[in-house]
Amino acid sequence: MGLHRLTAITLGVPDPTATAEFFTSFGLRELGDGRFATRDGGEQLRLEASPRRSLHRLGVGVHDRDDLDRIAHRLTSDFPEIRHELRADALDVVEPVTGLMVELTVAPVLQVDDVPVAAVNSPSTVERVDVPAAAVLGGNPVQPSNLTHLVYGSPDQPTTLRFFTEAIGFEVSDAIDGIIAFTRCGEVHHNLAIQAAPCAFVHHVAFEVDGVDDVARGGTAMIEGDPERHLWGIGRHAIGSNWFWYLREPSGTYVEYTADVDRISAQDLYRPKDWSGHEFLYALGQPPPPDFLEPPDLATLVELSA
Ligand SMILES: [Fe+2]
């Protein structure tokens, strides 16, 4: 598909200092000037001062310059109404409903060193004797590997979805018609979910960690001494199969530790399930709190965007 991963997002937040403290505790590495790195993905988050929380920029990596040229050519020939600018090393494209700037750049594929697999005991296989599980002994703080997905609300969901799929090149993994579509720009089941919303806003951003133990360790550490950060978790989604623990960052965007998300090697090998009903929200754990379904600042965001 040419695309292979998310590179970076820029979030506008009213209090960059408070949000920076949140992401540092979360395990991202602060680089200065409101920039943050994940362990394996390099610089993947930038914060900018903004009167309301918002997504200013979404970065998507492609393999080579030919990919940029091919997408630019498609935009010019098939989508002349979509504003874009091809630069020496990037292609900037403006999403037509929300005005979001999407920046495509030639980027290295995500390289992740082998992570030691924790020894696990089960009735059939005993891997660990005479010692407790490493996860309960504490150890190093959780280091998120990479920015893996975000859920973005659009007041015209079908048009925003068409933009990302037909114009940019994302593929749909699973969808609930008119409500939400889970799209990907590589093998990970979803990198960008587009949901119907009364205004443009980021519902949440998710960072992938090494396994379910790290989802639990990260979530536990984040709410120690600050229980207000807790939103929902630990649980396991049905769509994408990923483990999750959602937290609240100070400006109101939700931030997720996630692990063991599905991979899709080819569109025609993946068999989407019929996700009708509400089972798509979660498979394991407790039901979502009302704030997950409707963030408490949504009415204010709608007013400010009018
Ligand atoms: Fe998520």
# chains A, B, ... in the order shown; residues from 1 in each chain; ligands from 1
call {"tool": "select_by_dssp", "arguments": {"residues": "segment 24-170 of chain A", "states": "alpha helix (DSSP H)", "output": "PDB file with all heavy atoms, in the first residue's frame"}}
result
ATOM      1  N   THR A  24       5.173  12.212  30.291  1.00  0.00           N
ATOM      2  CA  THR A  24       6.440  11.761  30.874  1.00  0.00           C
ATOM      3  C   THR A  24       6.181  10.622  31.855  1.00  0.00           C
ATOM      4  O   THR A  24       6.866   9.593  31.837  1.00  0.00           O
ATOM      5  CB  THR A  24       7.150  12.942  31.565  1.00  0.00           C
ATOM      6  OG1 THR A  24       7.309  13.994  30.616  1.00  0.00           O
ATOM      7  CG2 THR A  24       8.518  12.534  32.060  1.00  0.00           C
ATOM      8  N   SER A  25       5.148  10.792  32.715  1.00  0.00           N
ATOM      9  CA  SER A  25       4.804   9.693  33.638  1.00  0.00           C
ATOM     10  C   SER A  25       4.378   8.459  32.860  1.00  0.00           C
ATOM     11  O   SER A  25       4.626   7.323  33.285  1.00  0.00           O
ATOM     12  CB  SER A  25       3.633  10.078  34.557  1.00  0.00           C
ATOM     13  OG  SER A  25       3.804  11.316  35.110  1.00  0.00           O
ATOM     14  N   PHE A  26       3.726   8.671  31.740  1.00  0.00           N
ATOM     15  CA  PHE A  26       3.206   7.568  30.919  1.00  0.00           C
ATOM     16  C   PHE A  26       4.343   6.719  30.352  1.00  0.00           C
ATOM     17  O   PHE A  26       4.143   5.550  30.025  1.00  0.00           O
ATOM     18  CB  PHE A  26       2.367   8.184  29.790  1.00  0.00           C
ATOM     19  CG  PHE A  26       1.626   7.203  28.930  1.00  0.00           C
ATOM     20  CD1 PHE A  26       0.431   6.641  29.346  1.00  0.00           C
ATOM     21  CD2 PHE A  26       2.114   6.853  27.669  1.00  0.00           C
ATOM     22  CE1 PHE A  26      -0.252   5.733  28.541  1.00  0.00           C
ATOM     23  CE2 PHE A  26       1.435   5.960  26.861  1.00  0.00           C
ATOM     24  CZ  PHE A  26       0.245   5.397  27.290  1.00  0.00           C
ATOM     25  N   ARG A  65      10.191   7.713  -2.039  1.00  0.00           N
ATOM     26  CA  ARG A  65       9.732   8.907  -2.751  1.00  0.00           C
ATOM     27  C   ARG A  65       8.674   8.552  -3.811  1.00  0.00           C
ATOM     28  O   ARG A  65       7.750   9.324  -4.065  1.00  0.00           O
ATOM     29  CB  ARG A  65      10.954   9.586  -3.398  1.00  0.00           C
ATOM     30  CG  ARG A  65      10.645  10.713  -4.360  1.00  0.00           C
ATOM     31  CD  ARG A  65      10.191  11.963  -3.631  1.00  0.00           C
ATOM     32  NE  ARG A  65       9.444  12.827  -4.532  1.00  0.00           N
ATOM     33  CZ  ARG A  65       9.182  14.109  -4.294  1.00  0.00           C
ATOM     34  NH1 ARG A  65       9.585  14.672  -3.177  1.00  0.00           N
ATOM     35  NH2 ARG A  65       8.502  14.814  -5.152  1.00  0.00           N
ATOM     36  N   ASP A  66       8.794   7.388  -4.426  1.00  0.00           N
ATOM     37  CA  ASP A  66       7.815   6.973  -5.434  1.00  0.00           C
ATOM     38  C   ASP A  66       6.409   6.923  -4.830  1.00  0.00           C
ATOM     39  O   ASP A  66       5.422   7.210  -5.501  1.00  0.00           O
ATOM     40  CB  ASP A  66       8.152   5.590  -6.003  1.00  0.00           C
ATOM     41  CG  ASP A  66       9.335   5.651  -6.946  1.00  0.00           C
ATOM     42  OD1 ASP A  66       9.765   6.785  -7.282  1.00  0.00           O
ATOM     43  OD2 ASP A  66       9.841   4.582  -7.332  1.00  0.00           O
ATOM     44  N   ASP A  67       6.336   6.496  -3.556  1.00  0.00           N
ATOM     45  CA  ASP A  67       5.021   6.441  -2.906  1.00  0.00           C
ATOM     46  C   ASP A  67       4.409   7.843  -2.813  1.00  0.00           C
ATOM     47  O   ASP A  67       3.217   8.030  -3.058  1.00  0.00           O
ATOM     48  CB  ASP A  67       5.139   5.829  -1.501  1.00  0.00           C
ATOM     49  CG  ASP A  67       5.575   4.375  -1.531  1.00  0.00           C
ATOM     50  OD1 ASP A  67       5.134   3.647  -2.430  1.00  0.00           O
ATOM     51  OD2 ASP A  67       6.347   3.973  -0.646  1.00  0.00           O
ATOM     52  N   LEU A  68       5.240   8.815  -2.445  1.00  0.00           N
ATOM     53  CA  LEU A  68       4.737  10.191  -2.356  1.00  0.00           C
ATOM     54  C   LEU A  68       4.248  10.665  -3.721  1.00  0.00           C
ATOM     55  O   LEU A  68       3.180  11.267  -3.851  1.00  0.00           O
ATOM     56  CB  LEU A  68       5.829  11.143  -1.848  1.00  0.00           C
ATOM     57  CG  LEU A  68       6.340  10.942  -0.420  1.00  0.00           C
ATOM     58  CD1 LEU A  68       7.389  12.000  -0.095  1.00  0.00           C
ATOM     59  CD2 LEU A  68       5.202  11.001   0.585  1.00  0.00           C
ATOM     60  N   ASP A  69       5.045  10.391  -4.759  1.00  0.00           N
ATOM     61  CA  ASP A  69       4.685  10.830  -6.119  1.00  0.00           C
ATOM     62  C   ASP A  69       3.377  10.175  -6.560  1.00  0.00           C
ATOM     63  O   ASP A  69       2.519  10.824  -7.173  1.00  0.00           O
ATOM     64  CB  ASP A  69       5.795  10.465  -7.116  1.00  0.00           C
ATOM     65  CG  ASP A  69       7.036  11.319  -6.914  1.00  0.00           C
ATOM     66  OD1 ASP A  69       6.932  12.399  -6.306  1.00  0.00           O
ATOM     67  OD2 ASP A  69       8.123  10.883  -7.359  1.00  0.00           O
ATOM     68  N   ARG A  70       3.237   8.885  -6.256  1.00  0.00           N
ATOM     69  CA  ARG A  70       2.041   8.152  -6.682  1.00  0.00           C
ATOM     70  C   ARG A  70       0.782   8.710  -5.998  1.00  0.00           C
ATOM     71  O   ARG A  70      -0.248   8.911  -6.632  1.00  0.00           O
ATOM     72  CB  ARG A  70       2.215   6.666  -6.358  1.00  0.00           C
ATOM     73  CG  ARG A  70       1.211   5.750  -7.026  1.00  0.00           C
ATOM     74  CD  ARG A  70       1.646   4.290  -6.993  1.00  0.00           C
ATOM     75  NE  ARG A  70       2.164   3.875  -5.712  1.00  0.00           N
ATOM     76  CZ  ARG A  70       3.430   3.549  -5.474  1.00  0.00           C
ATOM     77  NH1 ARG A  70       4.321   3.584  -6.441  1.00  0.00           N
ATOM     78  NH2 ARG A  70       3.821   3.170  -4.278  1.00  0.00           N
ATOM     79  N   ILE A  71       0.897   8.984  -4.699  1.00  0.00           N
ATOM     80  CA  ILE A  71      -0.274   9.522  -3.978  1.00  0.00           C
ATOM     81  C   ILE A  71      -0.590  10.935  -4.473  1.00  0.00           C
ATOM     82  O   ILE A  71      -1.758  11.280  -4.674  1.00  0.00           O
ATOM     83  CB  ILE A  71      -0.019   9.492  -2.447  1.00  0.00           C
ATOM     84  CG1 ILE A  71       0.152   8.045  -1.974  1.00  0.00           C
ATOM     85  CG2 ILE A  71      -1.181  10.154  -1.699  1.00  0.00           C
ATOM     86  CD1 ILE A  71       0.723   7.896  -0.575  1.00  0.00           C
ATOM     87  N   ALA A  72       0.441  11.733  -4.697  1.00  0.00           N
ATOM     88  CA  ALA A  72       0.212  13.096  -5.194  1.00  0.00           C
ATOM     89  C   ALA A  72      -0.461  13.056  -6.567  1.00  0.00           C
ATOM     90  O   ALA A  72      -1.374  13.845  -6.867  1.00  0.00           O
ATOM     91  CB  ALA A  72       1.538  13.854  -5.268  1.00  0.00           C
ATOM     92  N   HIS A  73      -0.037  12.124  -7.413  1.00  0.00           N
ATOM     93  CA  HIS A  73      -0.627  11.997  -8.740  1.00  0.00           C
ATOM     94  C   HIS A  73      -2.114  11.616  -8.633  1.00  0.00           C
ATOM     95  O   HIS A  73      -2.967  12.158  -9.343  1.00  0.00           O
ATOM     96  CB  HIS A  73       0.129  10.950  -9.560  1.00  0.00           C
ATOM     97  CG  HIS A  73      -0.452  10.731 -10.923  1.00  0.00           C
ATOM     98  ND1 HIS A  73      -0.309  11.644 -11.944  1.00  0.00           N
ATOM     99  CD2 HIS A  73      -1.219   9.717 -11.415  1.00  0.00           C
ATOM    100  CE1 HIS A  73      -0.941  11.197 -13.015  1.00  0.00           C
ATOM    101  NE2 HIS A  73      -1.513  10.037 -12.714  1.00  0.00           N
ATOM    102  N   ARG A  74      -2.397  10.679  -7.712  1.00  0.00           N
ATOM    103  CA  ARG A  74      -3.804  10.265  -7.518  1.00  0.00           C
ATOM    104  C   ARG A  74      -4.657  11.432  -7.039  1.00  0.00           C
ATOM    105  O   ARG A  74      -5.787  11.620  -7.484  1.00  0.00           O
ATOM    106  CB  ARG A  74      -3.855   9.112  -6.506  1.00  0.00           C
ATOM    107  CG  ARG A  74      -5.235   8.544  -6.277  1.00  0.00           C
ATOM    108  CD  ARG A  74      -5.181   7.221  -5.549  1.00  0.00           C
ATOM    109  NE  ARG A  74      -4.675   7.340  -4.197  1.00  0.00           N
ATOM    110  CZ  ARG A  74      -3.759   6.551  -3.655  1.00  0.00           C
ATOM    111  NH1 ARG A  74      -3.212   5.586  -4.351  1.00  0.00           N
ATOM    112  NH2 ARG A  74      -3.368   6.709  -2.400  1.00  0.00           N
ATOM    113  N   LEU A  75      -4.102  12.236  -6.139  1.00  0.00           N
ATOM    114  CA  LEU A  75      -4.853  13.387  -5.632  1.00  0.00           C
ATOM    115  C   LEU A  75      -5.160  14.359  -6.764  1.00  0.00           C
ATOM    116  O   LEU A  75      -6.280  14.850  -6.900  1.00  0.00           O
ATOM    117  CB  LEU A  75      -4.055  14.092  -4.526  1.00  0.00           C
ATOM    118  CG  LEU A  75      -3.935  13.323  -3.201  1.00  0.00           C
ATOM    119  CD1 LEU A  75      -2.885  13.966  -2.300  1.00  0.00           C
ATOM    120  CD2 LEU A  75      -5.284  13.254  -2.487  1.00  0.00           C
ATOM    121  N   THR A  76      -4.159  14.628  -7.581  1.00  0.00           N
ATOM    122  CA  THR A  76      -4.336  15.594  -8.667  1.00  0.00           C
ATOM    123  C   THR A  76      -5.359  15.098  -9.686  1.00  0.00           C
ATOM    124  O   THR A  76      -6.219  15.858 -10.148  1.00  0.00           O
ATOM    125  CB  THR A  76      -2.988  15.839  -9.381  1.00  0.00           C
ATOM    126  OG1 THR A  76      -2.047  16.278  -8.408  1.00  0.00           O
ATOM    127  CG2 THR A  76      -3.123  16.886 -10.463  1.00  0.00           C
ATOM    128  N   SER A  77      -5.287  13.812 -10.010  1.00  0.00           N
ATOM    129  CA  SER A  77      -6.158  13.313 -11.090  1.00  0.00           C
ATOM    130  C   SER A  77      -7.562  12.965 -10.603  1.00  0.00           C
ATOM    131  O   SER A  77      -8.543  13.247 -11.290  1.00  0.00           O
ATOM    132  CB  SER A  77      -5.521  12.104 -11.777  1.00  0.00           C
ATOM    133  OG  SER A  77      -5.348  11.069 -10.835  1.00  0.00           O
ATOM    134  N   ASP A  78      -7.675  12.384  -9.386  1.00  0.00           N
ATOM    135  CA  ASP A  78      -8.990  11.881  -8.952  1.00  0.00           C
ATOM    136  C   ASP A  78      -9.654  12.748  -7.890  1.00  0.00           C
ATOM    137  O   ASP A  78     -10.863  12.628  -7.677  1.00  0.00           O
ATOM    138  CB  ASP A  78      -8.856  10.456  -8.379  1.00  0.00           C
ATOM    139  CG  ASP A  78      -8.323   9.476  -9.405  1.00  0.00           C
ATOM    140  OD1 ASP A  78      -8.263   9.847 -10.601  1.00  0.00           O
ATOM    141  OD2 ASP A  78      -7.937   8.355  -9.018  1.00  0.00           O
ATOM    142  N   GLN A 157     -18.468  11.589   8.855  1.00  0.00           N
ATOM    143  CA  GLN A 157     -17.626  10.386   8.940  1.00  0.00           C
ATOM    144  C   GLN A 157     -17.409   9.725   7.586  1.00  0.00           C
ATOM    145  O   GLN A 157     -16.276   9.343   7.257  1.00  0.00           O
ATOM    146  CB  GLN A 157     -18.233   9.419   9.969  1.00  0.00           C
ATOM    147  CG  GLN A 157     -17.321   8.274  10.376  1.00  0.00           C
ATOM    148  CD  GLN A 157     -17.676   6.963   9.673  1.00  0.00           C
ATOM    149  OE1 GLN A 157     -18.556   6.929   8.819  1.00  0.00           O
ATOM    150  NE2 GLN A 157     -16.986   5.908  10.033  1.00  0.00           N
ATOM    151  N   PRO A 158     -18.466   9.570   6.748  1.00  0.00           N
ATOM    152  CA  PRO A 158     -18.228   8.898   5.457  1.00  0.00           C
ATOM    153  C   PRO A 158     -17.220   9.639   4.575  1.00  0.00           C
ATOM    154  O   PRO A 158     -16.391   9.020   3.905  1.00  0.00           O
ATOM    155  CB  PRO A 158     -19.626   8.872   4.811  1.00  0.00           C
ATOM    156  CG  PRO A 158     -20.581   8.970   5.965  1.00  0.00           C
ATOM    157  CD  PRO A 158     -19.898   9.852   6.968  1.00  0.00           C
ATOM    158  N   THR A 159     -17.276  10.990   4.585  1.00  0.00           N
ATOM    159  CA  THR A 159     -16.349  11.751   3.740  1.00  0.00           C
ATOM    160  C   THR A 159     -14.920  11.655   4.275  1.00  0.00           C
ATOM    161  O   THR A 159     -13.958  11.481   3.510  1.00  0.00           O
ATOM    162  CB  THR A 159     -16.792  13.231   3.653  1.00  0.00           C
ATOM    163  OG1 THR A 159     -18.103  13.260   3.082  1.00  0.00           O
ATOM    164  CG2 THR A 159     -15.850  14.049   2.791  1.00  0.00           C
ATOM    165  N   THR A 160     -14.765  11.760   5.594  1.00  0.00           N
ATOM    166  CA  THR A 160     -13.421  11.636   6.178  1.00  0.00           C
ATOM    167  C   THR A 160     -12.865  10.243   5.930  1.00  0.00           C
ATOM    168  O   THR A 160     -11.684  10.078   5.604  1.00  0.00           O
ATOM    169  CB  THR A 160     -13.463  11.948   7.694  1.00  0.00           C
ATOM    170  OG1 THR A 160     -13.940  13.287   7.865  1.00  0.00           O
ATOM    171  CG2 THR A 160     -12.088  11.820   8.331  1.00  0.00           C
ATOM    172  N   LEU A 161     -13.722   9.242   6.040  1.00  0.00           N
ATOM    173  CA  LEU A 161     -13.275   7.864   5.792  1.00  0.00           C
ATOM    174  C   LEU A 161     -12.838   7.687   4.335  1.00  0.00           C
ATOM    175  O   LEU A 161     -11.787   7.092   4.057  1.00  0.00           O
ATOM    176  CB  LEU A 161     -14.406   6.885   6.128  1.00  0.00           C
ATOM    177  CG  LEU A 161     -14.123   5.411   5.879  1.00  0.00           C
ATOM    178  CD1 LEU A 161     -12.913   4.942   6.672  1.00  0.00           C
ATOM    179  CD2 LEU A 161     -15.353   4.561   6.231  1.00  0.00           C
ATOM    180  N   ARG A 162     -13.623   8.237   3.409  1.00  0.00           N
ATOM    181  CA  ARG A 162     -13.253   8.144   1.980  1.00  0.00           C
ATOM    182  C   ARG A 162     -11.927   8.838   1.721  1.00  0.00           C
ATOM    183  O   ARG A 162     -11.100   8.378   0.933  1.00  0.00           O
ATOM    184  CB  ARG A 162     -14.348   8.763   1.108  1.00  0.00           C
ATOM    185  CG  ARG A 162     -15.310   7.749   0.515  1.00  0.00           C
ATOM    186  CD  ARG A 162     -16.053   8.284  -0.693  1.00  0.00           C
ATOM    187  NE  ARG A 162     -16.589   9.620  -0.508  1.00  0.00           N
ATOM    188  CZ  ARG A 162     -17.736   9.891   0.127  1.00  0.00           C
ATOM    189  NH1 ARG A 162     -18.449   8.916   0.634  1.00  0.00           N
ATOM    190  NH2 ARG A 162     -18.159  11.129   0.259  1.00  0.00           N
TER     191      ARG A 162
END
call {"tool": "closest_atom_pairs", "arguments": {"of": "chain A", "to": "ligand 1", "cutoff": "9 Å", "atoms": "only C-alpha atoms and all ligand atoms", "output": "CSV"}}
result
residue,atom,partner,partner_atom_place_in_ligand_line,distance
A:Thr148,CA,ligand 1,1 (Fe),8.9
A:His149,CA,ligand 1,1 (Fe),6.6
A:Leu150,CA,ligand 1,1 (Fe),6.6
A:Val151,CA,ligand 1,1 (Fe),6.8
A:His190,CA,ligand 1,1 (Fe),8.6
A:Ala193,CA,ligand 1,1 (Fe),8.5
A:His203,CA,ligand 1,1 (Fe),8.9
A:His204,CA,ligand 1,1 (Fe),6.6
A:Val205,CA,ligand 1,1 (Fe),6.7
A:Ala206,CA,ligand 1,1 (Fe),5.6
A:Phe207,CA,ligand 1,1 (Fe),8.8
A:His237,CA,ligand 1,1 (Fe),8.4
A:Asn242,CA,ligand 1,1 (Fe),8.1
A:Phe244,CA,ligand 1,1 (Fe),7.1
A:Trp245,CA,ligand 1,1 (Fe),8.9
A:Tyr246,CA,ligand 1,1 (Fe),8.1
A:Val255,CA,ligand 1,1 (Fe),8.2
A:Glu256,CA,ligand 1,1 (Fe),6.2
A:Tyr257,CA,ligand 1,1 (Fe),8.4
A:Thr258,CA,ligand 1,1 (Fe),7.3
call {"tool": "closest_residue", "arguments": {"among": "A:Asp156, A:Asp92, A:Glu249, A:Glu279", "to": "Ala197 of chain A", "atoms": "only C-alpha atoms"}}
result
A:Asp156
call {"tool": "residues_around", "arguments": {"residues": "segment 102-110 of chain A", "least_positions_apart": "2", "cutoff": "6 Å", "atoms": "only C-alpha atoms", "output": "JSON, numbers by chain"}}
result
{"A": [57, 58, 59, 60, 61, 62, 63, 64, 90, 91, 92, 93]}
call {"tool": "closest_residue", "arguments": {"among": "A:Ile9, A:Pro155, A:Pro296, A:Ser54", "to": "Cys199 of chain A", "atoms": "only C-alpha atoms"}}
result
A:Pro155
call {"tool": "closest_residue", "arguments": {"among": "A:Leu147, A:Pro290, A:Val142, A:Ala167", "to": "Arg217 of chain A", "atoms": "only C-alpha atoms"}}
result
A:Val142
call {"tool": "atom_distance", "arguments": {"atom1": "atom CA of Asp213 of chain A", "atom2": "atom CA of Gly27 of chain A"}}
result
14.9 Å
call {"tool": "select_by_dssp", "arguments": {"residues": "segment 227-256 of chain A", "states": "strand (DSSP E)", "output": "ChimeraX atom specification"}}
result
/A:230-236,243-248,254-256
call {"tool": "closest_residue", "arguments": {"among": "A:Ala216, A:Val126, A:Val261, A:Leu100", "to": "Gly233 of chain A", "atoms": "only C-alpha atoms"}}
result
A:Ala216
call {"tool": "closest_residue", "arguments": {"among": "A:Pro198, A:Phe22, A:Gly12, A:Met1", "to": "Ala266 of chain A", "atoms": "only C-alpha atoms"}}
result
A:Met1
call {"tool": "residues_around", "arguments": {"residues": "Ala259 of chain A", "least_positions_apart": "2", "cutoff": "7 Å", "atoms": "only C-alpha atoms", "output": "JSON, numbers by chain"}}
result
{"A": [208, 209, 210, 211, 212, 215, 242, 243, 244, 261]}
call {"tool": "write_last_selection", "arguments": {"atoms": "C-alpha atoms", "output": "PDB file, in the first residue's frame"}}
result
ATOM      1  CA  GLU A 208       1.699  -0.164  22.109  1.00  0.00           C
ATOM      2  CA  VAL A 209       3.574  -1.869  24.955  1.00  0.00           C
ATOM      3  CA  ASP A 210       5.255  -5.272  25.100  1.00  0.00           C
ATOM      4  CA  GLY A 211       2.405  -7.328  26.520  1.00  0.00           C
ATOM      5  CA  VAL A 212      -0.587  -7.524  28.788  1.00  0.00           C
ATOM      6  CA  VAL A 215      -0.677  -2.719  30.073  1.00  0.00           C
ATOM      7  CA  ASN A 242      -6.110  -5.637  21.891  1.00  0.00           C
ATOM      8  CA  TRP A 243      -5.710  -5.414  25.638  1.00  0.00           C
ATOM      9  CA  PHE A 244      -6.365  -1.867  26.878  1.00  0.00           C
ATOM     10  CA  VAL A 261      -3.413  -6.152  18.724  1.00  0.00           C
TER      11      VAL A 261
END
call {"tool": "closest_residue", "arguments": {"among": "A:Pro123, A:Glu224, A:Gly2, A:Phe201", "to": "Thr300 of chain A", "atoms": "only C-alpha atoms"}}
result
A:Phe201
call {"tool": "atom_distance", "arguments": {"atom1": "atom CA of Val302 of chain A", "atom2": "atom CA of Ile194 of chain A"}}
result
17.1 Å
call {"tool": "residues_around", "arguments": {"residues": "Trp232 of chain A", "least_positions_apart": "6", "cutoff": "10 Å", "atoms": "only C-alpha atoms", "output": "list in words"}}
result
Gly219, Phe244, Trp245, Tyr246, Leu247, Arg248, Tyr254, Glu256, Gly285, Gln286, Pro287, Pro288, Pro289, Asp291 and Phe292 of chain A
call {"tool": "write_last_selection", "arguments": {"atoms": "N, CA, C and O atoms", "output": "mmCIF file, in the first residue's frame"}}
result
data_model
loop_
_atom_site.group_PDB
_atom_site.id
_atom_site.type_symbol
_atom_site.label_atom_id
_atom_site.label_comp_id
_atom_site.auth_asym_id
_atom_site.auth_seq_id
_atom_site.Cartn_x
_atom_site.Cartn_y
_atom_site.Cartn_z
ATOM 1 N N GLY A 219 -0.846 1.002 33.639
ATOM 2 C CA GLY A 219 -2.081 1.580 34.164
ATOM 3 C C GLY A 219 -2.030 1.722 35.673
ATOM 4 O O GLY A 219 -2.418 2.760 36.240
ATOM 5 N N PHE A 244 -6.359 -3.338 26.741
ATOM 6 C CA PHE A 244 -6.365 -1.867 26.878
ATOM 7 C C PHE A 244 -6.432 -1.460 28.337
ATOM 8 O O PHE A 244 -6.930 -2.200 29.188
ATOM 9 N N TRP A 245 -5.908 -0.277 28.591
ATOM 10 C CA TRP A 245 -6.179 0.481 29.826
ATOM 11 C C TRP A 245 -6.173 1.949 29.410
ATOM 12 O O TRP A 245 -5.155 2.453 28.939
ATOM 13 N N TYR A 246 -7.320 2.600 29.546
ATOM 14 C CA TYR A 246 -7.469 3.997 29.132
ATOM 15 C C TYR A 246 -7.302 4.934 30.322
ATOM 16 O O TYR A 246 -7.844 4.681 31.405
ATOM 17 N N LEU A 247 -6.589 6.022 30.073
ATOM 18 C CA LEU A 247 -6.336 7.054 31.087
ATOM 19 C C LEU A 247 -6.779 8.405 30.535
ATOM 20 O O LEU A 247 -6.945 8.555 29.319
ATOM 21 N N ARG A 248 -6.935 9.371 31.440
ATOM 22 C CA ARG A 248 -7.297 10.733 31.013
ATOM 23 C C ARG A 248 -6.061 11.611 31.131
ATOM 24 O O ARG A 248 -5.461 11.677 32.210
ATOM 25 N N TYR A 254 -8.190 10.982 25.818
ATOM 26 C CA TYR A 254 -7.898 9.718 26.471
ATOM 27 C C TYR A 254 -6.629 9.116 25.856
ATOM 28 O O TYR A 254 -6.365 9.289 24.658
ATOM 29 N N GLU A 256 -4.201 5.526 25.809
ATOM 30 C CA GLU A 256 -4.351 4.080 26.024
ATOM 31 C C GLU A 256 -2.995 3.372 25.992
ATOM 32 O O GLU A 256 -2.205 3.592 25.084
ATOM 33 N N GLY A 285 -13.468 -7.958 30.562
ATOM 34 C CA GLY A 285 -13.359 -6.859 31.519
ATOM 35 C C GLY A 285 -14.706 -6.239 31.798
ATOM 36 O O GLY A 285 -15.752 -6.805 31.460
ATOM 37 N N GLN A 286 -14.664 -5.057 32.404
ATOM 38 C CA GLN A 286 -15.907 -4.374 32.771
ATOM 39 C C GLN A 286 -16.435 -3.550 31.606
ATOM 40 O O GLN A 286 -15.678 -3.167 30.716
ATOM 41 N N PRO A 287 -17.737 -3.228 31.613
ATOM 42 C CA PRO A 287 -18.284 -2.369 30.554
ATOM 43 C C PRO A 287 -17.648 -0.978 30.617
ATOM 44 O O PRO A 287 -17.147 -0.576 31.669
ATOM 45 N N PRO A 288 -17.693 -0.247 29.486
ATOM 46 C CA PRO A 288 -17.088 1.091 29.482
ATOM 47 C C PRO A 288 -17.883 2.058 30.348
ATOM 48 O O PRO A 288 -19.105 1.961 30.428
ATOM 49 N N PRO A 289 -17.191 3.020 30.976
ATOM 50 C CA PRO A 289 -17.905 4.061 31.719
ATOM 51 C C PRO A 289 -18.576 5.020 30.740
ATOM 52 O O PRO A 289 -18.163 5.123 29.577
ATOM 53 N N ASP A 291 -18.292 8.135 30.365
ATOM 54 C CA ASP A 291 -17.358 9.127 29.799
ATOM 55 C C ASP A 291 -16.603 8.592 28.593
ATOM 56 O O ASP A 291 -16.143 9.364 27.755
ATOM 57 N N PHE A 292 -16.444 7.267 28.501
ATOM 58 C CA PHE A 292 -15.761 6.719 27.331
ATOM 59 C C PHE A 292 -16.638 6.901 26.098
ATOM 60 O O PHE A 292 -16.158 7.252 25.021
#
